[in-house]
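The file my_file-v7.json contains JSON, C-alpha atoms:
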```
[["chain", "number", "residue", "atom", "x", "y", "z"],
["X", 216, "MET", "CA", 22.07, -20.34, -28.20],
["X", 217, "SER", "CA", 20.93, -18.99, -31.55],
["X", 218, "GLU", "CA", 23.60, -18.39, -34.18],
["X", 219, "ASN", "CA", 22.21, -14.85, -34.45],
["X", 220, "CYS", "CA", 22.52, -14.22, -30.71],
["X", 221, "SER", "CA", 23.42, -10.63, -29.82],
["X", 222, "HIS", "CA", 24.43, -11.66, -26.27],
["X", 223, "ASN", "CA", 22.07, -8.97, -24.95],
["X", 224, "CYS", "CA", 19.88, -11.09, -22.68],
["X", 225, "SER", "CA", 17.93, -8.09, -21.36],
["X", 226, "GLN", "CA", 16.29, -7.61, -24.77],
["X", 227, "CYS", "CA", 15.84, -11.27, -25.66],
["X", 228, "GLY", "CA", 12.78, -13.40, -24.94],
["X", 229, "SER", "CA", 14.37, -16.75, -25.77],
["X", 230, "ASP", "CA", 14.58, -19.32, -23.00],
["X", 231, "CYS", "CA", 18.03, -20.69, -23.70],
["X", 232, "LYS", "CA", 20.46, -22.40, -21.36],
["X", 233, "ASP", "CA", 23.13, -19.83, -22.10],
["X", 234, "ARG", "CA", 21.17, -16.89, -20.75],
["X", 235, "THR", "CA", 23.53, -14.70, -18.75],
["X", 236, "GLU", "CA", 21.13, -12.08, -17.38],
["X", 237, "PRO", "CA", 17.79, -12.54, -15.63],
["X", 238, "GLN", "CA", 14.80, -11.02, -17.35],
["X", 239, "SER", "CA", 13.15, -8.15, -15.53],
["X", 240, "LEU", "CA", 9.60, -8.83, -14.36],
["X", 241, "LEU", "CA", 8.76, -5.13, -14.11],
["X", 242, "GLU", "CA", 5.64, -4.06, -15.99],
["X", 243, "HIS", "CA", 5.28, -0.69, -17.69],
["X", 244, "THR", "CA", 2.36, 1.66, -17.22],
["X", 245, "ASN", "CA", 0.40, 2.82, -20.24],
["X", 246, "GLU", "CA", 1.02, 6.02, -22.20],
["X", 247, "ALA", "CA", -1.45, 7.96, -20.03],
["X", 248, "SER", "CA", 0.47, 7.30, -16.80],
["X", 249, "ASN", "CA", 3.56, 8.82, -15.24],
["X", 250, "VAL", "CA", 4.04, 7.47, -11.71],
["X", 251, "ARG", "CA", 7.21, 8.74, -10.06],
["X", 252, "LYS", "CA", 7.34, 6.80, -6.79],
["X", 253, "VAL", "CA", 5.50, 3.73, -5.48],
["X", 254, "PHE", "CA", 5.20, 2.65, -1.85],
["X", 255, "GLY", "CA", 3.60, -0.54, -0.59],
["X", 256, "VAL", "CA", 1.64, -0.66, 2.66],
["X", 257, "VAL", "CA", 1.89, -4.18, 4.05],
["X", 258, "SER", "CA", 1.00, -6.25, 7.08],
["X", 259, "GLY", "CA", 1.65, -9.78, 8.16],
["X", 260, "LYS", "CA", -1.97, -10.26, 9.23],
["X", 261, "GLY", "CA", -5.37, -8.76, 8.58],
["X", 262, "GLY", "CA", -7.31, -6.32, 10.72],
["X", 263, "VAL", "CA", -4.41, -4.11, 11.82],
["X", 264, "GLY", "CA", -5.46, -0.99, 9.89],
["X", 265, "LYS", "CA", -3.46, -1.28, 6.70],
["X", 266, "SER", "CA", -6.13, 0.37, 4.54],
["X", 267, "LEU", "CA", -6.46, 3.17, 7.07],
["X", 268, "MET", "CA", -2.71, 3.83, 6.94],
["X", 269, "THR", "CA", -2.74, 3.76, 3.14],
["X", 270, "SER", "CA", -5.53, 6.35, 3.11],
["X", 271, "LEU", "CA", -3.85, 8.55, 5.71],
["X", 272, "LEU", "CA", -0.51, 8.49, 3.88],
["X", 273, "ALA", "CA", -2.08, 9.39, 0.55],
["X", 274, "SER", "CA", -4.20, 12.13, 2.11],
["X", 275, "SER", "CA", -1.21, 13.56, 4.01],
["X", 276, "MET", "CA", 0.92, 13.75, 0.86],
["X", 277, "ARG", "CA", -1.98, 15.32, -1.04],
["X", 278, "ARG", "CA", -2.35, 17.91, 1.74],
["X", 279, "LYS", "CA", 1.29, 18.84, 1.10],
["X", 280, "GLY", "CA", 0.46, 19.57, -2.53],
["X", 281, "TYR", "CA", 1.65, 16.36, -4.19],
["X", 282, "SER", "CA", -0.40, 14.45, -6.72],
["X", 283, "THR", "CA", -1.20, 11.09, -5.13],
["X", 284, "ALA", "CA", -2.89, 7.82, -6.01],
["X", 285, "ILE", "CA", -3.98, 4.59, -4.32],
["X", 286, "LEU", "CA", -3.89, 1.20, -5.99],
["X", 287, "ASP", "CA", -6.11, -1.08, -3.90],
["X", 288, "ALA", "CA", -4.46, -4.48, -4.30],
["X", 289, "ASP", "CA", -6.65, -6.12, -1.65],
["X", 290, "ILE", "CA", -8.93, -7.65, -4.27],
["X", 291, "THR", "CA", -10.98, -9.90, -1.97],
["X", 292, "GLY", "CA", -11.33, -7.36, 0.84],
["X", 293, "PRO", "CA", -11.37, -3.87, -0.71],
["X", 294, "SER", "CA", -12.18, -1.01, 1.67],
["X", 295, "ILE", "CA", -10.44, 2.00, 0.15],
["X", 296, "PRO", "CA", -13.48, 3.36, -1.81],
["X", 297, "GLU", "CA", -15.67, 3.21, 1.31],
["X", 298, "MET", "CA", -13.16, 5.19, 3.36],
["X", 299, "PHE", "CA", -13.22, 7.97, 0.77],
["X", 300, "GLY", "CA", -16.98, 7.85, 0.29],
["X", 301, "ILE", "CA", -16.67, 6.75, -3.34],
["X", 302, "HIS", "CA", -19.61, 4.86, -4.83],
["X", 303, "GLN", "CA", -19.42, 5.68, -8.55],
["X", 304, "LYS", "CA", -17.87, 3.23, -11.00],
["X", 305, "ALA", "CA", -14.67, 3.51, -13.00],
["X", 306, "ILE", "CA", -15.10, 3.86, -16.76],
["X", 307, "GLY", "CA", -12.87, 3.04, -19.70],
["X", 308, "ASN", "CA", -11.58, 5.08, -22.60],
["X", 309, "GLY", "CA", -9.55, 4.34, -25.71],
["X", 310, "THR", "CA", -6.34, 4.05, -23.70],
["X", 311, "GLY", "CA", -7.42, 2.23, -20.56],
["X", 312, "ILE", "CA", -9.46, 2.61, -17.38],
["X", 313, "GLU", "CA", -9.97, 6.01, -15.76],
["X", 314, "PRO", "CA", -9.39, 6.02, -11.99],
["X", 315, "VAL", "CA", -12.02, 7.62, -9.77],
["X", 316, "LYS", "CA", -11.01, 10.84, -8.04],
["X", 317, "THR", "CA", -11.69, 11.63, -4.40],
["X", 318, "ARG", "CA", -12.86, 14.99, -3.07],
["X", 319, "THR", "CA", -9.27, 16.20, -2.78],
["X", 320, "ASP", "CA", -8.28, 14.81, -6.19],
["X", 321, "ILE", "CA", -6.57, 11.54, -5.17],
["X", 322, "ASN", "CA", -6.74, 8.92, -7.94],
["X", 323, "ILE", "CA", -8.24, 5.62, -6.76],
["X", 324, "MET", "CA", -8.52, 2.21, -8.40],
["X", 325, "SER", "CA", -10.16, -0.70, -6.60],
["X", 326, "ILE", "CA", -12.05, -3.80, -7.66],
["X", 327, "ASN", "CA", -15.16, -2.35, -6.01],
["X", 328, "LEU", "CA", -15.13, 0.40, -8.64],
["X", 329, "LEU", "CA", -15.62, -2.26, -11.32],
["X", 330, "LEU", "CA", -18.23, -4.52, -9.68],
["X", 331, "ASP", "CA", -21.93, -4.06, -10.36],
["X", 332, "ASN", "CA", -22.63, -4.48, -6.65],
["X", 333, "ASP", "CA", -20.14, -3.39, -3.97],
["X", 334, "LYS", "CA", -21.13, -6.31, -1.77],
["X", 335, "ASP", "CA", -20.56, -9.01, -4.40],
["X", 336, "PRO", "CA", -17.71, -11.31, -3.28],
["X", 337, "VAL", "CA", -14.68, -11.81, -5.48],
["X", 338, "ILE", "CA", -14.22, -15.58, -5.59],
["X", 339, "TRP", "CA", -11.02, -15.91, -7.62],
["X", 340, "ARG", "CA", -7.94, -18.05, -7.28],
["X", 341, "GLY", "CA", -4.57, -16.50, -6.47],
["X", 342, "PRO", "CA", -3.10, -16.20, -9.98],
["X", 343, "ILE", "CA", -6.23, -14.44, -11.28],
["X", 344, "ILE", "CA", -6.16, -12.01, -8.36],
["X", 345, "ALA", "CA", -2.48, -11.32, -8.99],
["X", 346, "GLY", "CA", -3.22, -10.74, -12.67],
["X", 347, "ALA", "CA", -5.94, -8.22, -11.81],
["X", 348, "VAL", "CA", -3.53, -6.28, -9.60],
["X", 349, "LYS", "CA", -0.98, -6.19, -12.41],
["X", 350, "GLN", "CA", -3.66, -4.84, -14.75],
["X", 351, "PHE", "CA", -4.47, -2.08, -12.27],
["X", 352, "TRP", "CA", -0.88, -0.94, -12.82],
["X", 353, "THR", "CA", -0.70, -1.40, -16.59],
["X", 354, "ASP", "CA", -4.25, -0.66, -17.78],
["X", 355, "VAL", "CA", -5.32, 2.27, -15.59],
["X", 356, "CYS", "CA", -4.71, 5.80, -16.87],
["X", 357, "TRP", "CA", -3.13, 7.11, -13.68],
["X", 358, "GLY", "CA", -2.03, 10.43, -15.13],
["X", 359, "ASP", "CA", 0.78, 12.41, -13.52],
["X", 360, "VAL", "CA", 1.36, 10.97, -10.02],
["X", 361, "ASP", "CA", 4.08, 11.98, -7.58],
["X", 362, "TYR", "CA", 3.34, 9.29, -4.99],
["X", 363, "MET", "CA", 1.34, 6.09, -5.37],
["X", 364, "PHE", "CA", 0.45, 3.96, -2.35],
["X", 365, "VAL", "CA", -0.45, 0.30, -2.81],
["X", 366, "ASP", "CA", -2.79, -1.20, -0.22],
["X", 367, "MET", "CA", -1.80, -4.86, -0.17],
["X", 368, "PRO", "CA", -3.56, -7.87, 1.32],
["X", 369, "PRO", "CA", -1.96, -9.41, 4.41],
["X", 370, "GLY", "CA", 0.72, -12.04, 4.20],
["X", 371, "THR", "CA", 3.46, -12.94, 1.74],
["X", 372, "GLY", "CA", 1.45, -14.67, -1.00],
["X", 373, "ASP", "CA", 0.72, -14.13, -4.68],
["X", 374, "VAL", "CA", -0.34, -10.49, -4.57],
["X", 375, "PRO", "CA", 2.53, -9.03, -2.50],
["X", 376, "LEU", "CA", 4.99, -11.01, -4.62],
["X", 377, "THR", "CA", 3.34, -9.73, -7.82],
["X", 378, "VAL", "CA", 3.48, -6.14, -6.60],
["X", 379, "PHE", "CA", 7.11, -6.39, -5.48],
["X", 380, "GLN", "CA", 8.20, -7.96, -8.77],
["X", 381, "SER", "CA", 5.97, -6.14, -11.27],
["X", 382, "LEU", "CA", 5.90, -2.58, -9.88],
["X", 383, "PRO", "CA", 8.94, -0.35, -9.31],
["X", 384, "VAL", "CA", 8.40, -0.23, -5.53],
["X", 385, "ASN", "CA", 10.59, 2.39, -3.84],
["X", 386, "GLY", "CA", 9.87, 1.16, -0.32],
["X", 387, "ILE", "CA", 7.31, -0.35, 2.02],
["X", 388, "ILE", "CA", 5.60, 0.71, 5.22],
["X", 389, "VAL", "CA", 4.72, -2.10, 7.64],
["X", 390, "VAL", "CA", 1.54, -1.82, 9.72],
["X", 391, "THR", "CA", 1.18, -3.73, 12.98],
["X", 392, "SER", "CA", -0.70, -3.75, 16.30],
["X", 393, "PRO", "CA", 0.56, -4.10, 19.89],
["X", 394, "GLN", "CA", -0.01, -7.85, 20.40],
["X", 395, "GLU", "CA", 3.15, -9.89, 20.93],
["X", 396, "LEU", "CA", 2.08, -12.44, 18.32],
["X", 397, "VAL", "CA", 2.22, -9.75, 15.65],
["X", 398, "SER", "CA", 5.98, -9.23, 16.02],
["X", 399, "MET", "CA", 6.66, -12.67, 14.57],
["X", 400, "ILE", "CA", 4.31, -12.03, 11.67],
["X", 401, "VAL", "CA", 5.88, -8.62, 11.00],
["X", 402, "GLY", "CA", 9.22, -10.35, 10.71],
["X", 403, "LYS", "CA", 7.95, -12.42, 7.80],
["X", 404, "ALA", "CA", 6.85, -9.33, 5.86],
["X", 405, "VAL", "CA", 10.13, -7.53, 6.56],
["X", 406, "LYS", "CA", 12.24, -10.51, 5.53],
["X", 407, "MET", "CA", 10.25, -10.88, 2.29],
["X", 408, "ALA", "CA", 11.04, -7.25, 1.45],
["X", 409, "GLU", "CA", 14.70, -7.81, 2.25],
["X", 410, "MET", "CA", 14.85, -10.89, 0.02],
["X", 411, "LEU", "CA", 13.45, -8.82, -2.85],
["X", 412, "ASP", "CA", 15.79, -5.89, -2.09],
["X", 413, "ILE", "CA", 13.02, -3.43, -1.19],
["X", 414, "PRO", "CA", 13.71, -0.87, 1.58],
["X", 415, "VAL", "CA", 11.50, -0.85, 4.68],
["X", 416, "LEU", "CA", 10.94, 2.85, 5.41],
["X", 417, "GLY", "CA", 9.01, 2.52, 8.63],
["X", 418, "ILE", "CA", 6.69, 0.60, 10.87],
["X", 419, "VAL", "CA", 3.35, 1.91, 12.14],
["X", 420, "GLU", "CA", 1.70, 0.53, 15.28],
["X", 421, "ASN", "CA", -2.04, 1.06, 14.97],
["X", 422, "MET", "CA", -4.40, 0.94, 17.98],
["X", 423, "SER", "CA", -1.33, 1.56, 20.11],
["X", 424, "TYR", "CA", -3.11, 3.16, 23.05],
["X", 425, "PHE", "CA", -6.24, 5.00, 24.16],
["X", 426, "GLU", "CA", -5.88, 8.44, 25.71],
["X", 427, "CYS", "CA", -8.57, 9.33, 28.23],
["X", 428, "PRO", "CA", -10.22, 12.58, 27.11],
["X", 429, "THR", "CA", -10.64, 13.66, 30.76],
["X", 430, "CYS", "CA", -7.39, 12.85, 32.53],
["X", 431, "HIS", "CA", -5.26, 12.26, 29.41],
["X", 432, "ASP", "CA", -3.74, 9.09, 30.83],
["X", 433, "LYS", "CA", -2.74, 6.55, 28.18],
["X", 434, "HIS", "CA", -4.25, 3.09, 28.46],
["X", 435, "PHE", "CA", -2.66, 0.22, 26.51],
["X", 436, "ILE", "CA", -5.80, -1.77, 25.82],
["X", 437, "TYR", "CA", -4.19, -4.32, 23.49],
["X", 438, "GLY", "CA", -1.00, -4.68, 25.51],
["X", 439, "ASN", "CA", 2.24, -2.78, 25.80],
["X", 440, "SER", "CA", 3.87, -1.40, 22.69],
["X", 441, "HIS", "CA", 6.58, -3.48, 21.00],
["X", 442, "ILE", "CA", 7.23, -1.17, 18.07],
["X", 443, "GLU", "CA", 10.61, 0.12, 19.23],
["X", 444, "GLU", "CA", 11.84, -3.43, 19.86],
["X", 445, "MET", "CA", 10.74, -4.53, 16.38],
["X", 446, "ALA", "CA", 12.28, -1.47, 14.75],
["X", 447, "ALA", "CA", 15.61, -2.15, 16.48],
["X", 448, "GLN", "CA", 15.49, -5.86, 15.66],
["X", 449, "TYR", "CA", 14.96, -5.28, 11.94],
["X", 450, "ASN", "CA", 16.85, -1.97, 11.61],
["X", 451, "ILE", "CA", 13.72, -0.06, 10.58],
["X", 452, "PRO", "CA", 14.53, 3.67, 10.73],
["X", 453, "ASN", "CA", 11.11, 5.23, 11.40],
["X", 454, "THR", "CA", 8.25, 4.39, 13.74],
["X", 455, "ALA", "CA", 4.80, 5.82, 14.38],
["X", 456, "ARG", "CA", 2.13, 5.00, 16.96],
["X", 457, "ILE", "CA", -1.52, 5.62, 16.14],
["X", 458, "PRO", "CA", -3.95, 5.94, 19.08],
["X", 459, "ILE", "CA", -7.46, 4.53, 19.26],
["X", 460, "LEU", "CA", -9.68, 7.45, 18.31],
["X", 461, "PRO", "CA", -13.47, 6.99, 18.05],
["X", 462, "GLU", "CA", -13.69, 10.14, 15.93],
["X", 463, "MET", "CA", -11.21, 8.71, 13.41],
["X", 464, "ALA", "CA", -13.26, 5.53, 13.11],
["X", 465, "ALA", "CA", -16.39, 7.62, 12.63],
["X", 466, "ALA", "CA", -14.73, 9.67, 9.87],
["X", 467, "CYS", "CA", -13.78, 6.48, 8.01],
["X", 468, "ASP", "CA", -17.29, 5.07, 8.39],
["X", 469, "ARG", "CA", -18.83, 8.14, 6.79],
["X", 470, "GLY", "CA", -16.26, 8.18, 3.96],
["X", 471, "ASP", "CA", -14.39, 11.22, 5.21],
["X", 472, "VAL", "CA", -10.88, 9.89, 5.83],
["X", 473, "GLU", "CA", -9.42, 12.91, 4.02],
["X", 474, "SER", "CA", -10.50, 15.15, 6.91],
["X", 475, "ILE", "CA", -8.11, 13.42, 9.35],
["X", 476, "ASP", "CA", -4.86, 15.27, 10.05],
["X", 477, "ALA", "CA", -2.53, 12.34, 10.74],
["X", 478, "ILE", "CA", 0.12, 14.20, 12.75],
["X", 479, "TRP", "CA", 1.46, 10.89, 14.12],
["X", 480, "LEU", "CA", 2.81, 10.10, 10.64],
["X", 481, "ASN", "CA", 4.87, 13.28, 10.19],
["X", 482, "ASP", "CA", 8.29, 11.59, 10.54],
["X", 483, "LEU", "CA", 7.26, 8.83, 8.15],
["X", 484, "ILE", "CA", 5.95, 11.38, 5.65],
["X", 485, "THR", "CA", 9.35, 13.11, 5.75],
["X", 486, "ALA", "CA", 11.07, 9.77, 5.14],
["X", 487, "ILE", "CA", 8.86, 9.14, 2.12],
["X", 488, "GLN", "CA", 9.60, 12.59, 0.71],
["X", 489, "THR", "CA", 13.36, 12.10, 1.03],
["X", 490, "SER", "CA", 13.53, 8.48, -0.10]]
```
Please express what this file holds, its structure, as structure tokens.
Amino acid sequence: MSENCSHNCSQCGSDCKDRTEPQSLLEHTNEASNVRKVFGVVSGKGGVGKSLMTSLLASSMRRKGYSTAILDADITGPSIPEMFGIHQKAIGNGTGIEPVKTRTDINIMSINLLLDNDKDPVIWRGPIIAGAVKQFWTDVCWGDVDYMFVDMPPGTGDVPLTVFQSLPVNGIIVVTSPQELVSMIVGKAVKMAEMLDIPVLGIVENMSYFECPTCHDKHFIYGNSHIEEMAAQYNIPNTARIPILPEMAAACDRGDVESIDAIWLNDLITAIQTS
């Protein structure tokens, strides 16, 4: 301990053995950003529709009149710009990087907005990827944002840990699919959030069923739903089931995700508003 120690560990950068308080790992946004609430969209595995849910949540909140933003933290597999039909590049100014706006004025930042060619692979190691995600938070001029949604890569590795520790995350939404194997993987994501003291607001089961357009019978193509069991097991308060809809897939393919009225997410949207 230094002889000039003030005993205020929260404002001290020294690495001394007498430190009494852990240093916060939270990063601050730049002067051109005012983000009120941040929600992570996570999954234990890939291919369950996490980016779709991120887009639907942001679009739904924007439809309610809130200013919204999406931070695409899936650096090696970015799909957010394509869903919104965005092909222009982000540009910088004297303060930082300007996000690209969608047709309904949602602020977007993704690695694909910085690459010369959208199809160029990002071949980076984990710490570099995590550093890029942190810079998306600190170096982008987000402006005045009521709700930011972070589309995270699957799993519990470097990027989710970086987001949970560096951003003031108010809660997470877990995305899953009906297969039984997924329930075990969901548990890993939920327990990671619990270990880092981050609330789990809800769980969304994507591709839950297909409703016949003629007879309206529901067919559980990928197996019976397990979402209620998982919600009860992990005390998750809100659930949503998203059907298989060819027209929704077509809207995403043509970059028109903002046209989808995601009525299945209404309860979850209310939970986000009141969190």
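Interatomic distance, CA of Ser275 in chain X to CA of Lys349 in chain X: 25.7 Å.
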If we draw a sphere of 6 Å around (-4.8, -2.8, 2.1), which residues have at least one atom in it when counting all atoms listed in the file? Please report them as a PDB file with C-alpha atoms, keeping the file's coordinate frame.
```pdb
ATOM      1  CA  LYS X 265      -3.460  -1.280   6.700  1.00  0.00           C
ATOM      2  CA  SER X 266      -6.130   0.370   4.540  1.00  0.00           C
ATOM      3  CA  ASP X 289      -6.650  -6.120  -1.650  1.00  0.00           C
ATOM      4  CA  ASP X 366      -2.790  -1.200  -0.220  1.00  0.00           C
ATOM      5  CA  MET X 367      -1.800  -4.860  -0.170  1.00  0.00           C
ATOM      6  CA  PRO X 368      -3.560  -7.870   1.320  1.00  0.00           C
TER       7      PRO X 368
END
```
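Rounded to one decimal, CA of Ile344 in chain X and CA of Ala464 in chain X lie 28.6 Å from each other.
We find CA of Tyr281 in chain X and CA of Ala466 in chain X to be spaced 22.6 Å apart.
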Which residues, written as a ChimeraX atom specification, have at least one atom at most 12 Å from Lys433 in chain X, with all atoms listed in the file counted and residues fewer than 6 positions away on the same chain left out?
/X:422-427,439-440,458-459
For Asn453 in chain X, list every protein, DNA or RNA residue within 9 Å, evaluated using all atoms listed in the file, and leave out those in the same chain fewer than 2 positions away; present the list as a list in words.
Leu416, Gly417, Ile418, Val419, Ala446, Ile451, Ala455, Asp482, Leu483 and Ala486 of chain X
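Residue neighbourhood of Asn450 in chain X, excluding near-sequence residues (fewer than 6 positions): Gly402, Val405, Lys406, Glu409, Pro414, Val415, Leu416, Gly417, Ile418, Ile442, Glu443 and Glu444 of chain X, at 12 Å, using only C-alpha atoms.
Around the coordinate (5.0, 6.7, -8.0), residues that reach within 7 Å when counting all atoms listed in the file are Val250, Arg251, Lys252, Val253, Val360, Asp361, Tyr362 and Met363 of chain X.
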Selection from above, C-alpha atoms, as a PDB file, in the coordinates of the input, can you write it?
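Generated output (result_3.pdb):
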```pdb
ATOM      1  CA  VAL X 250       4.040   7.470 -11.710  1.00  0.00           C
ATOM      2  CA  ARG X 251       7.210   8.740 -10.060  1.00  0.00           C
ATOM      3  CA  LYS X 252       7.340   6.800  -6.790  1.00  0.00           C
ATOM      4  CA  VAL X 253       5.500   3.730  -5.480  1.00  0.00           C
ATOM      5  CA  VAL X 360       1.360  10.970 -10.020  1.00  0.00           C
ATOM      6  CA  ASP X 361       4.080  11.980  -7.580  1.00  0.00           C
ATOM      7  CA  TYR X 362       3.340   9.290  -4.990  1.00  0.00           C
ATOM      8  CA  MET X 363       1.340   6.090  -5.370  1.00  0.00           C
TER       9      MET X 363
END
```
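If you measure from each of X:Thr353, X:Ile285, X:Ile400, X:Leu376 to Gly261 in chain X using only C-alpha atoms, the closest one turns out to be X:Ile400.
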Name the residues in contact with range 294-306 of chain X at a cut-off of 7 Å, using all atoms listed in the file, excluding same-chain residues fewer than 6 positions from it; report them as a tab-separated table (two decimals) with C-alpha atoms, in the coordinates of the input.
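So the final result, stored in part19.tsv, reads:
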```tsv
chain	number	residue	atom	x	y	z
X	266	SER	CA	-6.13	0.37	4.54
X	287	ASP	CA	-6.11	-1.08	-3.90
X	312	ILE	CA	-9.46	2.61	-17.38
X	313	GLU	CA	-9.97	6.01	-15.76
X	314	PRO	CA	-9.39	6.02	-11.99
X	315	VAL	CA	-12.02	7.62	-9.77
X	317	THR	CA	-11.69	11.63	-4.40
X	328	LEU	CA	-15.13	0.40	-8.64
X	329	LEU	CA	-15.62	-2.26	-11.32
X	467	CYS	CA	-13.78	6.48	8.01
X	468	ASP	CA	-17.29	5.07	8.39
X	469	ARG	CA	-18.83	8.14	6.79
X	470	GLY	CA	-16.26	8.18	3.96
X	471	ASP	CA	-14.39	11.22	5.21
X	472	VAL	CA	-10.88	9.89	5.83
```
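Minimum atom-to-atom distances from X:Gly292, X:Asp476, X:Lys316, X:Thr371 to Met276 in chain X were compared using only C-alpha atoms, and the lowest value belongs to X:Asp476.
Distance annotation: of X:Ile338, X:Pro393, X:Glu462, X:Pro428, the residue with the minimal separation from Ser474 in chain X is X:Glu462; atom set is all atoms listed in the file.
The residue that comes closest to Val384 in chain X, out of X:Ala408, X:Ile475, X:Ala288, X:Val263 and on the basis of all atoms listed in the file, is X:Ala408.
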Find the residues near Leu241 in chain X: any atom within 7 Å, counting all atoms listed in the file, skip ones fewer than 3 places away on the same chain, and give them as number ranges by chain.
X: 380-383
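Each of X:Ala247, X:Ala447, X:Ile487, X:Ile457 was compared to Ile387 in chain X using only C-alpha atoms, and X:Ile487 turns out to be the nearest.
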